[in-house]
>>> print(open('run.txt').read())   # compact mmCIF, C-alpha atoms and all ligand atoms
# COMPACT_ATOMS: atom_id res chain seq x y z
CA MET A 23 -7.09 -39.08 56.12
CA LYS A 24 -5.46 -40.48 59.28
CA ALA A 25 -3.01 -38.12 60.98
CA LYS A 26 0.63 -39.15 60.83
CA PRO A 27 2.97 -38.98 63.84
CA PHE A 28 3.88 -35.40 64.68
CA ARG A 29 7.62 -35.53 65.28
CA ASP A 30 9.56 -33.13 67.51
CA LEU A 31 12.01 -31.11 65.47
CA SER A 32 15.69 -30.96 66.35
CA TYR A 33 17.46 -27.70 67.08
CA TRP A 34 19.05 -27.90 63.61
CA GLU A 35 15.81 -28.64 61.81
CA ARG A 36 14.16 -25.70 63.52
CA LYS A 37 17.08 -23.37 62.75
CA SER A 38 17.82 -24.35 59.13
CA PHE A 39 14.82 -26.17 57.65
CA GLN A 40 11.60 -25.01 59.22
CA THR A 41 11.37 -21.30 58.45
CA TYR A 42 11.71 -19.43 55.14
CA ASP A 43 11.25 -15.93 53.85
CA VAL A 44 9.08 -17.28 51.04
CA ILE A 45 7.34 -20.64 50.72
CA ILE A 46 5.84 -21.58 47.38
CA VAL A 47 3.16 -24.26 47.27
CA GLY A 48 3.26 -26.27 44.02
CA GLY A 49 6.35 -27.26 42.05
CA GLY A 50 5.02 -26.88 38.49
CA ILE A 51 6.33 -24.33 36.01
CA VAL A 52 4.62 -21.46 37.85
CA GLY A 53 5.86 -22.42 41.33
CA LEU A 54 9.44 -22.96 40.13
CA SER A 55 9.43 -19.80 38.00
CA THR A 56 8.19 -17.80 40.98
CA ALA A 57 10.99 -19.21 43.14
CA VAL A 58 13.58 -18.37 40.49
CA SER A 59 12.27 -14.84 39.99
CA VAL A 60 12.27 -14.17 43.73
CA LYS A 61 15.89 -15.34 43.95
CA GLU A 62 16.90 -13.37 40.86
CA LYS A 63 15.55 -10.26 42.56
CA ASP A 64 17.05 -10.92 45.97
CA ARG A 65 19.55 -13.74 46.49
CA SER A 66 19.54 -13.24 50.26
CA LEU A 67 15.94 -14.47 50.66
CA SER A 68 15.43 -18.08 51.72
CA VAL A 69 12.94 -19.80 49.42
CA ALA A 70 11.36 -23.26 49.54
CA VAL A 71 9.08 -24.93 46.99
CA LEU A 72 6.75 -27.60 48.41
CA GLU A 73 5.54 -30.17 45.91
CA ARG A 74 3.24 -32.99 46.93
CA GLY A 75 4.28 -35.35 44.13
CA VAL A 76 7.54 -37.19 43.54
CA PHE A 77 7.53 -35.11 40.35
CA PRO A 78 5.39 -32.04 39.83
CA THR A 79 2.05 -33.80 39.47
CA GLY A 80 -0.38 -31.59 37.62
CA ALA A 81 0.22 -30.30 34.10
CA SER A 82 3.82 -29.13 33.88
CA THR A 83 5.44 -32.54 33.34
CA ARG A 84 2.47 -33.94 31.44
CA ASN A 85 1.85 -31.47 28.61
CA ALA A 86 2.59 -31.50 24.89
CA GLY A 87 5.46 -29.02 24.82
CA PHE A 88 4.02 -26.65 22.21
CA ALA A 89 5.66 -23.23 22.40
CA CYS A 90 2.73 -21.36 20.92
CA PHE A 91 0.53 -18.31 21.36
CA GLY A 92 -2.74 -19.34 19.65
CA SER A 93 -3.86 -20.73 16.30
CA PRO A 94 -5.94 -18.57 13.92
CA SER A 95 -9.26 -20.24 14.76
CA GLU A 96 -8.45 -20.18 18.47
CA LEU A 97 -7.66 -16.46 18.36
CA LEU A 98 -10.83 -15.74 16.38
CA SER A 99 -12.90 -17.63 18.91
CA ASP A 100 -11.16 -15.76 21.76
CA ILE A 101 -11.89 -12.44 20.06
CA ASP A 102 -15.57 -13.43 19.89
CA VAL A 103 -15.65 -14.24 23.59
CA MET A 104 -13.21 -11.75 25.14
CA GLY A 105 -12.82 -9.02 22.55
CA GLU A 106 -9.76 -7.93 20.60
CA ASN A 107 -7.83 -6.15 23.35
CA GLU A 108 -7.94 -8.95 25.87
CA THR A 109 -7.04 -11.52 23.22
CA LEU A 110 -4.03 -9.47 22.12
CA ASP A 111 -3.03 -9.02 25.74
CA LEU A 112 -2.99 -12.82 26.11
CA VAL A 113 -0.89 -13.19 22.95
CA ILE A 114 1.64 -10.69 24.34
CA ARG A 115 1.81 -12.55 27.64
CA ARG A 116 2.34 -15.92 25.96
CA TRP A 117 4.97 -14.56 23.59
CA SER A 118 6.86 -12.67 26.34
CA GLY A 119 6.64 -15.71 28.61
CA LEU A 120 8.18 -17.92 25.95
CA LYS A 121 10.97 -15.45 25.24
CA LYS A 122 11.78 -15.23 28.95
CA LEU A 123 11.72 -19.02 29.37
CA ARG A 124 14.12 -19.48 26.45
CA GLN A 125 16.45 -16.73 27.65
CA ARG A 126 16.48 -18.08 31.17
CA LEU A 127 17.17 -21.73 30.44
CA GLY A 128 18.68 -21.67 26.94
CA ASP A 129 17.26 -23.25 23.79
CA SER A 130 19.60 -26.21 23.78
CA ARG A 131 18.79 -27.22 27.37
CA ILE A 132 15.05 -27.19 26.80
CA ARG A 133 15.49 -28.59 23.27
CA PHE A 134 13.54 -25.70 21.82
CA GLN A 135 13.09 -26.01 18.07
CA ASN A 136 11.56 -23.32 15.92
CA LYS A 137 10.07 -25.66 13.32
CA GLY A 138 6.91 -23.64 12.86
CA GLY A 139 3.32 -24.68 13.44
CA PHE A 140 0.29 -25.45 11.31
CA GLU A 141 -3.41 -25.10 11.88
CA LEU A 142 -5.15 -27.73 9.76
CA LEU A 143 -8.55 -26.80 8.41
CA THR A 144 -11.37 -29.22 7.87
CA LYS A 145 -14.16 -28.32 5.44
CA GLU A 146 -16.25 -26.71 8.19
CA ARG A 147 -13.41 -24.36 9.13
CA LEU A 148 -12.25 -23.20 5.72
CA GLN A 149 -13.72 -19.75 6.28
CA VAL A 150 -10.85 -19.07 8.70
CA LEU A 151 -8.70 -18.44 5.60
CA GLU A 152 -10.72 -15.29 4.93
CA LYS A 153 -9.70 -13.89 8.32
CA ILE A 154 -5.94 -14.32 7.95
CA ASP A 155 -5.38 -10.75 6.76
CA TYR A 156 -7.42 -9.37 9.65
CA LEU A 157 -5.42 -11.42 12.18
CA ASN A 158 -2.10 -10.44 10.62
CA GLU A 159 -3.10 -6.80 10.80
CA ILE A 160 -4.01 -6.81 14.49
CA LEU A 161 -0.94 -8.90 15.36
CA TYR A 162 1.43 -6.65 13.41
CA PRO A 163 2.19 -4.26 16.30
CA ILE A 164 3.35 -7.26 18.39
CA PHE A 165 5.43 -9.19 15.85
CA GLU A 166 6.16 -6.54 13.22
CA LYS A 167 5.63 -9.09 10.47
CA ARG A 168 2.87 -11.19 8.96
CA VAL A 169 2.35 -14.22 11.19
CA PHE A 170 -0.10 -16.48 9.37
CA GLU A 171 -0.01 -17.63 5.74
CA GLU A 172 -1.96 -20.31 3.95
CA SER A 173 0.30 -23.26 3.12
CA LYS A 174 -0.53 -24.97 -0.16
CA THR A 175 2.05 -27.71 0.36
CA ALA A 176 1.70 -28.82 3.98
CA LEU A 177 -0.90 -31.55 3.46
CA SER A 178 1.15 -33.32 0.79
CA GLN A 179 4.52 -32.58 2.43
CA PHE A 180 3.42 -34.27 5.66
CA GLN A 181 1.30 -36.92 3.92
CA LEU A 182 -1.85 -35.98 5.83
CA ASP A 183 -5.32 -37.15 4.78
CA ASP A 184 -6.29 -34.49 2.22
CA GLN A 185 -9.89 -35.74 2.11
CA PHE A 186 -10.34 -34.83 5.77
CA PHE A 187 -8.06 -31.77 5.97
CA CYS A 188 -8.69 -29.24 3.21
CA SER A 189 -6.03 -26.64 3.86
CA ALA A 190 -3.39 -25.48 6.36
CA ILE A 191 -2.21 -22.18 7.82
CA PHE A 192 1.48 -21.86 8.66
CA ASN A 193 2.89 -19.87 11.58
CA PRO A 194 6.70 -19.62 11.35
CA LEU A 195 6.99 -18.31 14.92
CA GLU A 196 5.61 -21.41 16.61
CA GLY A 197 8.06 -23.83 18.19
CA GLN A 198 8.28 -26.91 20.34
CA LEU A 199 10.30 -27.98 23.32
CA ASP A 200 11.08 -31.05 25.40
CA THR A 201 8.81 -30.67 28.41
CA GLY A 202 10.81 -33.03 30.62
CA GLU A 203 14.14 -31.35 29.89
CA MET A 204 12.56 -27.93 30.38
CA MET A 205 11.23 -28.81 33.82
CA LYS A 206 14.45 -30.57 34.82
CA SER A 207 16.56 -27.56 33.88
CA LEU A 208 14.14 -25.21 35.63
CA GLN A 209 14.49 -27.28 38.80
CA GLY A 210 18.27 -27.32 38.35
CA TYR A 211 18.43 -23.55 37.86
CA ALA A 212 16.25 -22.96 40.92
CA GLN A 213 18.53 -25.17 43.00
CA LEU A 214 21.58 -23.39 41.65
CA LEU A 215 20.12 -20.14 42.95
CA GLY A 216 19.65 -21.76 46.36
CA VAL A 217 15.96 -22.65 46.24
CA ASN A 218 15.10 -25.60 48.46
CA ILE A 219 12.77 -27.91 46.50
CA LEU A 220 10.98 -30.34 48.80
CA SER A 221 9.11 -33.11 46.99
CA GLY A 222 6.56 -35.47 48.50
CA ILE A 223 5.31 -32.73 50.82
CA GLU A 224 1.61 -31.95 50.71
CA VAL A 225 0.37 -28.75 52.26
CA GLN A 226 -2.78 -29.59 54.22
CA THR A 227 -3.77 -26.19 55.59
CA PHE A 228 -2.17 -22.90 56.57
CA GLN A 229 -2.82 -20.15 59.07
CA GLU A 230 -1.76 -16.57 58.84
CA ASN A 231 -0.90 -14.79 62.07
CA GLN A 232 0.54 -11.35 62.62
CA ASN A 233 4.14 -12.28 61.89
CA GLN A 234 4.06 -15.30 59.66
CA ILE A 235 2.20 -18.09 57.94
CA VAL A 236 2.24 -21.50 59.54
CA LEU A 237 1.74 -24.37 57.10
CA SER A 238 0.65 -27.83 58.22
CA VAL A 239 2.37 -30.24 55.86
CA ARG A 240 2.31 -34.00 55.40
CA SER A 241 4.97 -36.32 54.03
CA ASN A 242 4.80 -40.07 53.69
CA THR A 243 6.23 -40.48 57.16
CA GLU A 244 5.06 -37.58 59.25
CA ASP A 245 3.06 -34.40 59.75
CA THR A 246 4.91 -31.23 60.64
CA GLU A 247 4.78 -27.46 60.42
CA LEU A 248 6.75 -25.09 58.23
CA LYS A 249 6.78 -21.31 58.56
CA ALA A 250 7.22 -18.41 56.19
CA SER A 251 7.01 -14.64 56.11
CA GLN A 252 5.23 -14.85 52.75
CA MET A 253 3.65 -17.56 50.65
CA ALA A 254 2.79 -18.00 46.98
CA VAL A 255 0.13 -20.55 46.08
CA CYS A 256 0.82 -22.05 42.64
CA THR A 257 -1.40 -25.10 42.71
CA ASN A 258 -3.32 -24.32 39.50
CA ALA A 259 -6.19 -26.81 39.02
CA PHE A 260 -5.94 -27.95 42.64
CA SER A 261 -6.38 -24.52 44.22
CA GLN A 262 -9.91 -24.85 45.51
CA GLN A 263 -8.60 -26.96 48.37
CA PHE A 264 -7.36 -23.61 49.79
CA PHE A 265 -9.65 -21.01 48.18
CA LYS A 266 -13.17 -22.30 47.72
CA ASN A 267 -14.49 -19.35 45.71
CA LEU A 268 -11.88 -19.18 42.96
CA ASP A 269 -13.13 -19.11 39.36
CA ILE A 270 -11.39 -22.40 38.53
CA LYS A 271 -12.60 -25.55 36.86
CA PRO A 272 -10.22 -28.46 36.38
CA GLY A 273 -9.92 -29.90 32.88
CA ARG A 274 -8.23 -33.22 32.20
CA GLY A 275 -6.23 -33.58 29.01
CA LEU A 276 -5.16 -36.84 27.38
CA VAL A 277 -1.91 -37.39 25.50
CA LEU A 278 -0.55 -40.42 23.69
CA ILE A 279 2.77 -41.12 22.07
CA THR A 280 3.71 -43.63 19.38
CA GLU A 281 6.72 -45.88 19.10
CA PRO A 282 9.55 -44.40 16.96
CA ILE A 283 8.42 -44.37 13.33
CA LYS A 284 10.92 -45.02 10.52
CA ASN A 285 11.24 -42.18 7.99
CA LEU A 286 8.70 -40.04 9.79
CA GLN A 287 7.85 -37.13 7.45
CA LEU A 288 5.92 -35.13 9.96
CA SER A 289 7.83 -32.25 11.51
CA GLY A 290 6.54 -29.31 13.57
CA THR A 291 3.45 -28.62 15.63
CA PHE A 292 -0.07 -29.15 14.29
CA ASN A 293 -3.51 -28.45 15.64
CA PHE A 294 -7.08 -28.33 14.46
CA ASP A 295 -10.59 -27.72 15.77
CA GLU A 296 -9.69 -24.51 17.67
CA GLY A 297 -6.70 -26.24 19.27
CA PHE A 298 -8.81 -29.03 20.78
CA ASN A 299 -6.75 -31.61 18.85
CA TYR A 300 -3.01 -31.29 18.47
CA PHE A 301 0.06 -33.31 17.48
CA ARG A 302 3.78 -32.89 16.96
CA ASP A 303 6.92 -34.89 16.28
CA ILE A 304 9.32 -35.74 19.09
CA ASP A 305 12.24 -38.22 19.00
CA ASP A 306 10.93 -39.71 15.69
CA ARG A 307 7.55 -40.34 17.33
CA ILE A 308 4.21 -38.61 17.13
CA LEU A 309 2.75 -37.12 20.27
CA LEU A 310 -0.96 -36.54 19.94
CA GLY A 311 -3.43 -35.07 22.41
CA GLY A 312 -6.76 -33.41 22.92
CA GLY A 313 -10.35 -34.46 22.40
CA ARG A 314 -11.47 -32.92 25.69
CA ASN A 315 -14.33 -31.25 23.82
CA LEU A 316 -15.88 -34.69 23.25
CA ALA A 317 -16.59 -35.07 26.96
CA PHE A 318 -16.30 -31.72 28.75
CA ASP A 319 -18.26 -32.88 31.80
CA GLU A 320 -16.47 -36.20 32.23
CA GLU A 321 -13.11 -34.43 31.84
CA GLY A 322 -13.89 -31.61 34.27
CA VAL A 323 -12.13 -33.49 37.07
CA ASP A 324 -8.86 -33.14 38.95
CA GLN A 325 -8.20 -36.91 39.06
CA PHE A 326 -5.81 -38.47 36.56
CA GLY A 327 -7.19 -41.15 34.28
CA ILE A 328 -7.69 -42.23 30.68
CA ASN A 329 -11.10 -41.65 29.10
CA GLU A 330 -11.56 -44.56 26.70
CA LYS A 331 -13.86 -42.62 24.38
CA ILE A 332 -11.22 -39.90 23.94
CA PHE A 333 -8.40 -42.43 23.63
CA ASN A 334 -10.24 -44.19 20.81
CA HIS A 335 -10.98 -40.87 19.10
CA LEU A 336 -7.28 -39.92 19.17
CA ARG A 337 -6.21 -43.36 18.02
CA LYS A 338 -8.59 -43.18 15.05
CA LEU A 339 -7.37 -39.70 14.14
CA LEU A 340 -3.79 -40.89 14.26
CA PHE A 341 -4.29 -44.00 12.14
CA GLU A 342 -6.84 -42.62 9.68
CA ARG A 343 -6.14 -38.91 9.26
CA ILE A 344 -2.56 -38.26 10.29
CA LEU A 345 -0.43 -41.31 9.50
CA GLN A 346 -2.92 -43.27 7.44
CA LYS A 347 -1.43 -46.47 8.78
CA GLU A 348 -1.39 -48.26 12.14
CA VAL A 349 1.58 -48.01 14.49
CA GLU A 350 2.16 -49.03 18.08
CA ILE A 351 0.96 -46.52 20.67
CA GLU A 352 3.63 -46.81 23.30
CA MET A 353 2.15 -44.76 26.11
CA SER A 354 -0.72 -42.57 27.12
CA TRP A 355 -1.21 -40.33 30.13
CA SER A 356 -3.35 -37.51 31.42
CA GLY A 357 -2.64 -34.12 32.94
CA ILE A 358 -4.86 -31.64 34.73
CA MET A 359 -5.33 -28.06 33.53
CA ALA A 360 -7.24 -25.19 35.11
CA PHE A 361 -9.86 -23.18 33.26
CA GLY A 362 -12.36 -20.49 34.19
CA LYS A 363 -14.81 -18.02 32.71
CA ASP A 364 -12.06 -16.36 30.70
CA LYS A 365 -8.54 -17.33 29.67
CA GLN A 366 -6.64 -14.85 31.85
CA PRO A 367 -4.63 -16.37 34.69
CA ILE A 368 -5.48 -15.31 38.23
CA ILE A 369 -2.51 -13.42 39.63
CA ARG A 370 -3.26 -11.49 42.77
CA ARG A 371 -2.53 -10.76 46.39
CA GLU A 372 -4.91 -12.75 48.54
CA SER A 373 -3.92 -11.27 51.89
CA ASP A 374 -1.06 -9.48 53.61
CA LYS A 375 1.26 -12.45 53.26
CA ILE A 376 -0.28 -14.59 50.54
CA VAL A 377 -0.24 -14.26 46.74
CA ILE A 378 -1.70 -16.66 44.20
CA GLY A 379 -0.86 -17.45 40.58
CA VAL A 380 -3.25 -20.02 39.14
CA LYS A 381 -5.61 -20.85 36.23
CA LEU A 382 -3.02 -21.22 33.49
CA GLY A 383 -5.36 -22.92 31.00
CA GLY A 384 -3.91 -24.78 28.04
CA MET A 385 -0.92 -22.52 27.43
CA GLY A 386 0.93 -22.45 30.69
CA VAL A 387 4.26 -23.44 29.14
CA ALA A 388 4.06 -20.16 27.29
CA MET A 389 2.80 -18.08 30.19
CA GLY A 390 4.24 -19.75 33.29
CA THR A 391 7.53 -17.84 33.40
CA LEU A 392 5.82 -14.48 33.20
CA VAL A 393 3.25 -15.42 35.84
CA GLY A 394 6.15 -16.38 38.12
CA GLU A 395 7.77 -13.01 37.53
CA GLU A 396 4.54 -11.16 38.28
CA LEU A 397 4.10 -13.15 41.50
CA ALA A 398 7.66 -12.32 42.56
CA ASP A 399 6.88 -8.64 41.95
CA LEU A 400 3.83 -8.97 44.18
CA LEU A 401 5.88 -10.73 46.86
CA ILE A 402 8.87 -8.43 47.03
CA GLY A 403 8.14 -5.46 44.81
CA GLU A 404 9.42 -4.61 41.33
C1 LIG A 501 -2.30 -32.69 28.37
C2 LIG A 501 -1.81 -31.27 28.47
C3 LIG A 501 -1.20 -30.68 27.37
C4 LIG A 501 -0.74 -29.36 27.46
N1 LIG A 501 -0.03 -28.84 26.42
C5 LIG A 501 0.49 -27.59 26.53
C6 LIG A 501 1.31 -27.08 25.50
O1 LIG A 501 1.60 -27.77 24.53
N2 LIG A 501 1.77 -25.81 25.61
C7 LIG A 501 1.46 -25.04 26.69
O2 LIG A 501 1.86 -23.86 26.73
N3 LIG A 501 0.74 -25.53 27.72
C8 LIG A 501 0.25 -26.78 27.66
N4 LIG A 501 -0.49 -27.31 28.67
C9 LIG A 501 -0.79 -26.44 29.82
C10 LIG A 501 0.38 -26.33 30.79
O3 LIG A 501 0.98 -27.57 30.98
C11 LIG A 501 -0.14 -25.78 32.12
O4 LIG A 501 -0.86 -24.58 31.90
C12 LIG A 501 1.00 -25.48 33.10
O5 LIG A 501 1.85 -26.57 33.21
C13 LIG A 501 0.44 -25.10 34.45
O6 LIG A 501 1.51 -24.98 35.33
P1 LIG A 501 1.27 -24.75 36.88
O7 LIG A 501 2.59 -24.69 37.52
O8 LIG A 501 0.33 -23.61 37.08
O9 LIG A 501 0.42 -26.02 37.35
P2 LIG A 501 0.86 -27.54 37.61
O10 LIG A 501 1.90 -27.97 36.68
O11 LIG A 501 -0.38 -28.32 37.69
O12 LIG A 501 1.54 -27.44 39.03
C14 LIG A 501 0.78 -27.36 40.22
C15 LIG A 501 1.48 -28.23 41.23
O13 LIG A 501 0.91 -28.03 42.52
C16 LIG A 501 1.06 -29.26 43.22
N5 LIG A 501 0.14 -29.27 44.35
C17 LIG A 501 -1.21 -29.25 44.31
N6 LIG A 501 -1.72 -29.26 45.57
C18 LIG A 501 -0.66 -29.26 46.42
C19 LIG A 501 -0.53 -29.26 47.85
N7 LIG A 501 -1.60 -29.24 48.65
N8 LIG A 501 0.72 -29.27 48.39
C20 LIG A 501 1.83 -29.28 47.59
N9 LIG A 501 1.75 -29.30 46.23
C21 LIG A 501 0.53 -29.26 45.65
C22 LIG A 501 0.71 -30.31 42.16
O14 LIG A 501 1.23 -31.59 42.49
C23 LIG A 501 1.36 -29.71 40.91
O15 LIG A 501 2.64 -30.24 40.64
C24 LIG A 501 -0.94 -28.61 28.64
C25 LIG A 501 -1.55 -29.22 29.75
C26 LIG A 501 -1.97 -30.54 29.66
C27 LIG A 501 -2.60 -31.19 30.87
>>> encode(input="run.txt", output="structure tokens", more="lines below")
Ligand SMILES: Cc1cc2nc3c(=O)[nH]c(=O)nc-3n(C[C@H](O)[C@H](O)[C@H](O)COP(=O)(O)OP(=O)(O)OC[C@H]3O[C@@H](n4cnc5c(N)ncnc54)[C@H](O)[C@@H]3O)c2cc1C
Amino acid sequence: MKAKPFRDLSYWERKSFQTYDVIIVGGGIVGLSTAVSVKEKDRSLSVAVLERGVFPTGASTRNAGFACFGSPSELLSDIDVMGENETLDLVIRRWSGLKKLRQRLGDSRIRFQNKGGFELLTKERLQVLEKIDYLNEILYPIFEKRVFEESKTALSQFQLDDQFFCSAIFNPLEGQLDTGEMMKSLQGYAQLLGVNILSGIEVQTFQENQNQIVLSVRSNTEDTELKASQMAVCTNAFSQQFFKNLDIKPGRGLVLITEPIKNLQLSGTFNFDEGFNYFRDIDDRILLGGGRNLAFDEEGVDQFGINEKIFNHLRKLLFERILQKEVEIEMSWSGIMAFGKDKQPIIRRESDKIVIGVKLGGMGVAMGTLVGEELADLLIGE
């Protein structure tokens, strides 16, 4: 890309805008949460968040807003791959992250609603019902109650296609939030604490010297340098631009939303096929997403875009299995997640002055706040 003019800084820009105690790269939920946690620990530190997009442009303003910690079939599959302990550790992280997010911003601001969630079972997945007791038993130490129960009424209550779905499992602890309001209030809270959020600023490279990190940044009008004593990299799926050897693979997710539907019966969060397909109600509409498993390779990219095959799959599901009638699909969009060999996020110190918090997978709304807190601990101690 062609270099932009490198402008001399004024005395004031140098004194008040160029240098920070902590610079955070990436203004998604993890970057903002890290900034907030740093400020909550030490208000005297100067903190800037650099975000390349006009809005945070990755996953945090493009997700489905499920406040969840894993459906039964998803947890069973995780136990197969990662074992019981690591799966339970992830559940604890997601649950604690959600609690912290709600405490920090307030349920009414983020429009959190505890409507409960359902895993819908197709014929091939009915055997999951036999594992409910096992899951409830291992989850008991975390929640101190039974979490999953078969629901005999959900399919008829929500008028779902009961030829395709054969049963449902209810989780009363699952909730949903308004992603846009959540991110807006997180930005607002960060600013209230004195965090400087700079949008439209892309970090190109950085260099660590003995005293500080020097970041080369680009805006629409110019290239310049910013400096910090410490830096947190929270660029999730886009992190290989800085660290080539990270265990990160981007994964694009597609979401669509209907027009408002009169007398919509559906209420709550729903998923099936190990969480690969999901839908919820929002503002009298249905938001529906997923289908990435139909085209893993094509969707393993960090470029936004709509995969027609997946769009058509979701559209068919919506019309034939969920609503059983056609409605207008008002919008669709994509977001980019970060996956790896396992589902644990990468949270670590990379060097003397650099920490990273990336690879949030498909449940970063749940985990992002906690990851931010852990990064702040790494930056300035507990
Ligand atoms: C379609 C979809 C549905 C999802 N649904 C849910 C859900 O229902 N519940 C749930 O818990 N999770 C969900 N997720 C996952 C969740 O959204 C993510 O895990 C979480 O948002 C990740 O946050 P983050 O801050 O790590 O990354 P991001 O939100 O991607 O933030 C990283 C930021 O870094 C910025 N950046 C990158 N490079 C640079 C650079 N060089 N300079 C400056 N800035 C840079 C990007 O613009 C981006 O804004 C979903 C994700 C998607 C895509």
>>> residues_near_ligand(input="run.txt", ligand="ligand LIG 501 (chain A)", cutoff="6 Å", atoms="only C-alpha atoms and all ligand atoms", output="PyMOL selection string")
chain A and resi 47-53+72-75+78-82+84-89+223-226+256-258+260+275-277+356-359+380+382-388
>>> closest_residue(input="run.txt", among="A:Ser251, A:Gly139, A:Lys26, A:Gly322", to="Gly297 (chain A)", atoms="all atoms listed in the file")
A:Gly139
>>> residues_near_point(input="run.txt", point="(15.6, -29.3, 37.0)", cutoff="12 Å", atoms="all atoms listed in the file", output="PDB file with C-alpha atoms, in the coordinates of the input")
ATOM      1  CA  GLY A  49       6.350 -27.260  42.050  1.00  0.00           C
ATOM      2  CA  GLY A  50       5.020 -26.880  38.490  1.00  0.00           C
ATOM      3  CA  ILE A  51       6.330 -24.330  36.010  1.00  0.00           C
ATOM      4  CA  LEU A  54       9.440 -22.960  40.130  1.00  0.00           C
ATOM      5  CA  SER A  55       9.430 -19.800  38.000  1.00  0.00           C
ATOM      6  CA  VAL A  58      13.580 -18.370  40.490  1.00  0.00           C
ATOM      7  CA  PHE A  77       7.530 -35.110  40.350  1.00  0.00           C
ATOM      8  CA  PRO A  78       5.390 -32.040  39.830  1.00  0.00           C
ATOM      9  CA  THR A  83       5.440 -32.540  33.340  1.00  0.00           C
ATOM     10  CA  LEU A 127      17.170 -21.730  30.440  1.00  0.00           C
ATOM     11  CA  ARG A 131      18.790 -27.220  27.370  1.00  0.00           C
ATOM     12  CA  ILE A 132      15.050 -27.190  26.800  1.00  0.00           C
ATOM     13  CA  THR A 201       8.810 -30.670  28.410  1.00  0.00           C
ATOM     14  CA  GLY A 202      10.810 -33.030  30.620  1.00  0.00           C
ATOM     15  CA  GLU A 203      14.140 -31.350  29.890  1.00  0.00           C
ATOM     16  CA  MET A 204      12.560 -27.930  30.380  1.00  0.00           C
ATOM     17  CA  MET A 205      11.230 -28.810  33.820  1.00  0.00           C
ATOM     18  CA  LYS A 206      14.450 -30.570  34.820  1.00  0.00           C
ATOM     19  CA  SER A 207      16.560 -27.560  33.880  1.00  0.00           C
ATOM     20  CA  LEU A 208      14.140 -25.210  35.630  1.00  0.00           C
ATOM     21  CA  GLN A 209      14.490 -27.280  38.800  1.00  0.00           C
ATOM     22  CA  GLY A 210      18.270 -27.320  38.350  1.00  0.00           C
ATOM     23  CA  TYR A 211      18.430 -23.550  37.860  1.00  0.00           C
ATOM     24  CA  ALA A 212      16.250 -22.960  40.920  1.00  0.00           C
ATOM     25  CA  GLN A 213      18.530 -25.170  43.000  1.00  0.00           C
ATOM     26  CA  LEU A 214      21.580 -23.390  41.650  1.00  0.00           C
ATOM     27  CA  LEU A 215      20.120 -20.140  42.950  1.00  0.00           C
ATOM     28  CA  VAL A 217      15.960 -22.650  46.240  1.00  0.00           C
ATOM     29  CA  ILE A 219      12.770 -27.910  46.500  1.00  0.00           C
TER      30      ILE A 219
END
>>> residues_around(input="run.txt", residues="Leu309 (chain A)", least_positions_apart="4", cutoff="8 Å", atoms="all atoms listed in the file", output="PDB file with C-alpha atoms, in the frame of the given file")
ATOM      1  CA  ALA A  86       2.590 -31.500  24.890  1.00  0.00           C
ATOM      2  CA  VAL A 277      -1.910 -37.390  25.500  1.00  0.00           C
ATOM      3  CA  LEU A 278      -0.550 -40.420  23.690  1.00  0.00           C
ATOM      4  CA  ILE A 279       2.770 -41.120  22.070  1.00  0.00           C
ATOM      5  CA  THR A 280       3.710 -43.630  19.380  1.00  0.00           C
ATOM      6  CA  PHE A 301       0.060 -33.310  17.480  1.00  0.00           C
ATOM      7  CA  ARG A 302       3.780 -32.890  16.960  1.00  0.00           C
ATOM      8  CA  ASP A 303       6.920 -34.890  16.280  1.00  0.00           C
ATOM      9  CA  ILE A 304       9.320 -35.740  19.090  1.00  0.00           C
TER      10      ILE A 304
END
>>> residues_near_point(input="run.txt", point="(-12.9, -31.2, 32.8)", cutoff="6 Å", atoms="all atoms listed in the file", output="PyMOL selection string")
chain A and resi 272-274+318-319+321-323
>>> closest_residue(input="run.txt", among="A:Lys137, A:Arg115, A:Lys249, A:Lys121", to="Thr41 (chain A)", atoms="all atoms listed in the file")
A:Lys249
>>> closest_residue(input="run.txt", among="A:Gln125, A:Thr243, A:Asn285, A:Ser93", to="Leu143 (chain A)", atoms="all atoms listed in the file")
A:Ser93
>>> closest_residue(input="run.txt", among="A:Asp364, A:Asp305, A:Glu62, A:Glu330", to="Leu112 (chain A)", atoms="all atoms listed in the file")
A:Asp364
